[in-house]
Amino acid sequence: MSEPTEVLDEAPPPAEAPQSPPPARKPVTARATLAGIVVSLLLIAAIVLGSRFLRDFDSALLPYAVATVFLAFGVAYRYTVWVSAPGARRLFKKGFGSFFSAENFRKAPTALPKMIATYLGFQKFLGARSRARWAAHQLIFWGCILAALITFPLTWGWFTFTSGSGSGPGYEMRIWGFKVLGFDSLNVLGWLMFHGLDIAAVLVIPGASYFLWRRMKDRGAITGQRFAYDLLPLICLIVISVTGLLLTFSSIFLHGGGYEFLAILHMVSVVFTLIYIPFGKFFHIVQRPAAVGMQLFKYTARQDEQVFACKRCGEPIDTTPYVENLRGTMQDLNLDFNAFVEYCPRCKRVLRGSAYLNHVKKGFK
C-alpha cells in the first residue's frame with residue numbers, strides 16, 4: 001500500500017487543475033477588449049478628422065459608419081484572441097518577422113510582391129483544387145474589394161462628390177476636402193464612378209451563387225457545413241448585391257418606386273454583415289496577410305537549402321525552421337508528439353497503422 005500512497009502524495013491536488021485555465025484566459029479577454037476599444041476610438045477619430053470635423057459626413061450613412069466602428073472593435077478583439085494562442089502566436093511572430101525582414105528583402109527582393117500578388121490577390125493555391133472554385137472566389141474577392149474601396153470612404157465622409165450646378169452633369173471628387181478629379185457624369189468615366197457598386201454586385205452574385213449551389217449539391221461540403229458559418233455569409237453577400245442592384249433599377253426605371261423599402265433592406269443586410277465579419281467565416285480575410293508572411297518565411301528557408309528530411313524515408317517534409325517552429329508549438333501546448341513532426345505524412349500513416357496492428361489488433365486475436 002506504500003506505493004499508491006506515495007503516488008497520491010506526489011500528485012498535484014485535484015482542486016488546483018480546473019483553477020489554472022481561468023487566470024490565463026482573463027488577461028487575454030481584457031487585452032482583446034482593450035485592443036478593440038483603442039482601434040474603435042482611432043477609427044472614430046479618423047472619421048471626424050477625415051470628414052473635416054463631420055462637415056462632409058452624410059448623416060444618412062450613419063448606420064453604416066456605426067457598423068464599421070463595431071467591425072473595427074470585433075476585428076481587433078478577435079485578432080488579439082487569435083494571436084494569443086500558442087500556435088498562432090508563433091506563426092504570427094515568424095510570419096511578420098519575415099514580412100518586415102531587411103535580410104529577406106536583400107536575399108529575394110521580388111519574393112514579397114510576388115506572394116502578395118499570387119497568394120493574396122490571385123490566390124493561385126485555390127486553382128490547384130478546382131478552377132471553378134478559383135474563378136468564383138476571384139469574383140467574390142475583387143467584387144468585395146471594389147465595394148469596400150468605394151463604400152468605406154464614402155461612409156466615413158472621406159470621399160465627396162460635388163457639383164457646381166447642384167445636379168450635374170459636371171462633378172468633382174474630393175478626398176479630405178481636396179479636389180482629386182473632375183468628371184462628366186454622362187461619359188464613360190462618370191458612369192463607372194457612379195455605378196462602381198453595381199459592378200461589384202455583378203461580380204459578387206455569380207461567385208456567391210456558385211458556392212451556395214456547391215454547398216447544396218456537394219456531399220463533402222454538405223457533411224461538415226454549418227448554416228451560420230458556411231451558408232449565412234453567402235446569403236448575406238447575395239442579398240446585399242441584389243438589393244443594391246434593385247436600388248439602381250428603381251431609381252432609373254421605376255422613378256423611385258419601392259426605393260425606401262429597398263434602401264432599408266439593403267442597409268440592414270450591410271450592417272448585419274459588417275458586424276458578423278469578425279465572428280464568422282469572413283474573418284479569414286483578416287488572417288490571410290499573416291499567411292503571406294509565413295509563406296515568405298518558408299520560401300527564404302528553401303533559398304538557404306534548409307530542408308528537413310523525413311527520418312524514415314528521407315523525403316523532404318518542409319523547411320527546417322518551419323519544423324522547428326511546429327515542434328516549439330507542440331511544446332507550448334504540452335503535447336507529447338515532438339518526434340512525430342520528423343516524419344512525412346505517408347510515414348505517419350504507416351507508423352499509425354503499425355502501432356494499431358501491434359498494440360490494438362493484437363488484443364483481438
# chains A, B, ... in the order shown; residues from 1 in each chain; ligands from 1

$ select_by_dssp --residues "range 276-320 of chain A" --states "helix (DSSP H, G or I)" --output "list of chain:residue names"
A:Tyr276, A:Ile277, A:Pro278, A:Phe279, A:Lys281, A:Phe282, A:Phe283, A:His284, A:Ile285, A:Val286, A:Gln287, A:Arg288, A:Pro289, A:Ala290, A:Ala291, A:Val292, A:Gly293, A:Met294, A:Gln295, A:Leu296, A:Phe297, A:Lys298, A:Tyr299, A:Thr300, A:Ala301, A:Arg302, A:Gln303, A:Thr320

$ write_last_selection --atoms "N, CA, C and O atoms" --output "short mmCIF file (atom, residue, chain, number, x, y, z; two decimals), in the first residue's frame"
data_model
loop_
_atom_site.label_atom_id
_atom_site.label_comp_id
_atom_site.auth_asym_id
_atom_site.auth_seq_id
_atom_site.Cartn_x
_atom_site.Cartn_y
_atom_site.Cartn_z
N TYR A 276 -21.07 40.93 -38.46
CA TYR A 276 -20.86 39.48 -38.44
C TYR A 276 -19.43 39.09 -38.84
O TYR A 276 -18.93 38.04 -38.41
N ILE A 277 -18.77 39.91 -39.64
CA ILE A 277 -17.46 39.56 -40.22
C ILE A 277 -16.46 39.05 -39.18
O ILE A 277 -15.83 38.01 -39.39
N PRO A 278 -16.23 39.74 -38.05
CA PRO A 278 -15.18 39.28 -37.14
C PRO A 278 -15.47 37.94 -36.47
O PRO A 278 -14.56 37.29 -35.96
N PHE A 279 -16.73 37.51 -36.45
CA PHE A 279 -17.10 36.33 -35.69
C PHE A 279 -17.59 35.18 -36.58
O PHE A 279 -18.15 34.21 -36.08
N LYS A 281 -17.10 33.27 -40.86
CA LYS A 281 -16.13 32.74 -41.81
C LYS A 281 -15.33 33.83 -42.49
O LYS A 281 -14.19 33.60 -42.93
N PHE A 282 -15.89 35.03 -42.60
CA PHE A 282 -15.19 36.12 -43.28
C PHE A 282 -13.95 36.59 -42.51
O PHE A 282 -13.18 37.39 -43.05
N PHE A 283 -13.77 36.12 -41.29
CA PHE A 283 -12.60 36.55 -40.53
C PHE A 283 -11.30 36.10 -41.19
O PHE A 283 -10.24 36.68 -40.94
N HIS A 284 -11.37 35.07 -42.05
CA HIS A 284 -10.15 34.62 -42.72
C HIS A 284 -9.58 35.70 -43.63
O HIS A 284 -8.40 35.66 -43.99
N ILE A 285 -10.41 36.70 -44.01
CA ILE A 285 -9.91 37.81 -44.81
C ILE A 285 -8.85 38.58 -44.03
O ILE A 285 -7.84 39.02 -44.58
N VAL A 286 -9.07 38.73 -42.72
CA VAL A 286 -8.13 39.45 -41.86
C VAL A 286 -6.92 38.60 -41.56
O VAL A 286 -5.80 39.11 -41.39
N GLN A 287 -7.10 37.28 -41.51
CA GLN A 287 -5.99 36.39 -41.18
C GLN A 287 -5.05 36.16 -42.34
O GLN A 287 -3.87 35.84 -42.13
N ARG A 288 -5.53 36.31 -43.56
CA ARG A 288 -4.75 35.92 -44.74
C ARG A 288 -3.39 36.61 -44.86
O ARG A 288 -2.42 35.97 -45.24
N PRO A 289 -3.26 37.93 -44.56
CA PRO A 289 -1.92 38.54 -44.68
C PRO A 289 -0.87 37.86 -43.82
O PRO A 289 0.30 37.81 -44.20
N ALA A 290 -1.26 37.33 -42.65
CA ALA A 290 -0.29 36.62 -41.82
C ALA A 290 0.21 35.37 -42.53
O ALA A 290 1.38 34.98 -42.37
N ALA A 291 -0.64 34.73 -43.33
CA ALA A 291 -0.23 33.54 -44.07
C ALA A 291 0.81 33.90 -45.14
O ALA A 291 1.68 33.09 -45.46
N VAL A 292 0.73 35.11 -45.68
CA VAL A 292 1.74 35.55 -46.66
C VAL A 292 3.11 35.62 -45.99
O VAL A 292 4.12 35.18 -46.57
N GLY A 293 3.14 36.16 -44.79
CA GLY A 293 4.41 36.21 -44.06
C GLY A 293 4.96 34.82 -43.79
O GLY A 293 6.18 34.60 -43.87
N MET A 294 4.08 33.87 -43.48
CA MET A 294 4.52 32.50 -43.22
C MET A 294 5.06 31.86 -44.49
O MET A 294 6.06 31.13 -44.45
N GLN A 295 4.42 32.12 -45.62
CA GLN A 295 4.92 31.59 -46.89
C GLN A 295 6.30 32.18 -47.22
O GLN A 295 7.17 31.48 -47.73
N LEU A 296 6.49 33.45 -46.92
CA LEU A 296 7.79 34.08 -47.13
C LEU A 296 8.83 33.48 -46.21
O LEU A 296 9.99 33.28 -46.61
N PHE A 297 8.45 33.16 -44.98
CA PHE A 297 9.34 32.52 -44.01
C PHE A 297 9.83 31.17 -44.53
O PHE A 297 11.02 30.85 -44.45
N LYS A 298 8.92 30.40 -45.12
CA LYS A 298 9.30 29.10 -45.66
C LYS A 298 10.10 29.25 -46.96
O LYS A 298 11.03 28.48 -47.22
N TYR A 299 9.76 30.26 -47.77
CA TYR A 299 10.45 30.47 -49.04
C TYR A 299 11.91 30.83 -48.82
O TYR A 299 12.81 30.28 -49.49
N THR A 300 12.18 31.74 -47.90
CA THR A 300 13.56 32.14 -47.65
C THR A 300 14.38 30.99 -47.07
O THR A 300 15.58 30.89 -47.34
N ALA A 301 13.74 30.12 -46.29
CA ALA A 301 14.45 28.96 -45.76
C ALA A 301 14.81 27.99 -46.89
O ALA A 301 15.89 27.39 -46.90
N ARG A 302 13.93 27.84 -47.86
CA ARG A 302 14.24 26.98 -49.01
C ARG A 302 15.38 27.56 -49.84
O ARG A 302 16.20 26.82 -50.39
N GLN A 303 15.42 28.89 -49.94
CA GLN A 303 16.52 29.51 -50.69
C GLN A 303 17.86 29.21 -50.03
O GLN A 303 18.88 29.10 -50.72
N THR A 320 13.47 23.36 -42.46
CA THR A 320 13.90 23.08 -41.09
C THR A 320 13.36 24.10 -40.10
O THR A 320 12.87 23.72 -39.03
#

$ residues_around --residues "Cys313 in chain A" --least-positions-apart "3" --cutoff "12 Å" --atoms "only C-alpha atoms" --output "list in words"
Phe308, Ala309, Cys310, Pro316, Ile317, Glu342, Tyr343, Cys344, Pro345, Arg346, Cys347, Lys348, Val350 and Leu351 of chain A

$ closest_residue --among "A:Val242, A:Val202, A:Leu49, A:Met267" --to "Trp158 in chain A" --atoms "only C-alpha atoms"
A:Leu49

$ select_by_dssp --residues "range 82-280 of chain A" --states "strand (DSSP E)" --output "JSON, numbers by chain"
{"A": [159, 160, 161, 162, 170, 171, 172, 173, 174, 175, 178, 179, 180, 181, 182, 183, 184]}

$ residues_around --residues "Gly127 in chain A" --least-positions-apart "4" --cutoff "12 Å" --atoms "only C-alpha atoms" --output "MDAnalysis selection string"
chainID A and resid 118:119 122:123 131:138

$ atom_distance --atom1 "CA of Phe100 in chain A" --atom2 "CA of Cys144 in chain A"
27.2 Å

$ atom_distance --atom1 "CA of His195 in chain A" --atom2 "CA of Phe152 in chain A"
15.5 Å

$ atom_distance --atom1 "CA of Leu189 in chain A" --atom2 "CA of Arg174 in chain A"
15.7 Å

$ closest_residue --among "A:Gly177, A:Gly257, A:Pro27, A:Gly87" --to "Phe159 in chain A" --atoms "only C-alpha atoms"
A:Gly177

$ residues_around --residues "Gly190 in chain A" --least-positions-apart "4" --cutoff "9 Å" --atoms "only C-alpha atoms" --output "mmCIF file with N, CA and C atoms, in the first residue's frame"
data_model
loop_
_atom_site.group_PDB
_atom_site.id
_atom_site.type_symbol
_atom_site.label_atom_id
_atom_site.label_comp_id
_atom_site.auth_asym_id
_atom_site.auth_seq_id
_atom_site.Cartn_x
_atom_site.Cartn_y
_atom_site.Cartn_z
ATOM 1 N N PRO A 169 -24.217 68.003 -65.130
ATOM 2 C CA PRO A 169 -23.512 66.716 -65.207
ATOM 3 C C PRO A 169 -22.044 66.761 -64.754
ATOM 4 N N GLY A 170 -21.497 67.979 -64.525
ATOM 5 C CA GLY A 170 -20.108 68.067 -64.086
ATOM 6 C C GLY A 170 -19.990 67.857 -62.584
ATOM 7 N N TYR A 171 -19.078 66.948 -62.187
ATOM 8 C CA TYR A 171 -18.882 66.641 -60.765
ATOM 9 C C TYR A 171 -17.403 66.714 -60.426
ATOM 10 N N PHE A 183 -15.069 65.200 -63.419
ATOM 11 C CA PHE A 183 -15.556 64.322 -64.476
ATOM 12 C C PHE A 183 -16.980 64.685 -64.847
ATOM 13 N N ASP A 184 -17.364 64.211 -66.005
ATOM 14 C CA ASP A 184 -18.726 64.405 -66.519
ATOM 15 C C ASP A 184 -19.508 63.124 -66.274
ATOM 16 N N SER A 185 -20.634 63.241 -65.606
ATOM 17 C CA SER A 185 -21.407 62.050 -65.263
ATOM 18 C C SER A 185 -22.015 61.369 -66.480
ATOM 19 N N LEU A 186 -22.007 62.019 -67.636
ATOM 20 C CA LEU A 186 -22.618 61.448 -68.832
ATOM 21 C C LEU A 186 -21.636 60.644 -69.674
ATOM 22 N N PHE A 194 -20.189 56.368 -60.848
ATOM 23 C CA PHE A 194 -21.474 56.301 -60.168
ATOM 24 C C PHE A 194 -22.044 54.886 -60.091
ATOM 25 N N HIS A 195 -21.475 53.967 -60.866
ATOM 26 C CA HIS A 195 -22.000 52.593 -60.876
ATOM 27 C C HIS A 195 -20.941 51.577 -60.442
#

$ residues_around --residues "range 323-335 of chain A" --least-positions-apart "4" --cutoff "7 Å" --atoms "only C-alpha atoms" --output "list in words"
Pro86, Gly87, Asp318, Thr319 and Val341 of chain A

$ write_last_selection --atoms "C-alpha atoms" --output "short mmCIF file (atom, residue, chain, number, x, y, z; two decimals), in the first residue's frame"
data_model
loop_
_atom_site.label_atom_id
_atom_site.label_comp_id
_atom_site.auth_asym_id
_atom_site.auth_seq_id
_atom_site.Cartn_x
_atom_site.Cartn_y
_atom_site.Cartn_z
CA PRO A 86 0.48 29.46 -28.72
CA GLY A 87 0.37 28.12 -32.27
CA ASP A 318 9.31 21.07 -45.17
CA THR A 319 11.86 23.68 -44.25
CA VAL A 341 6.88 16.11 -36.74
#
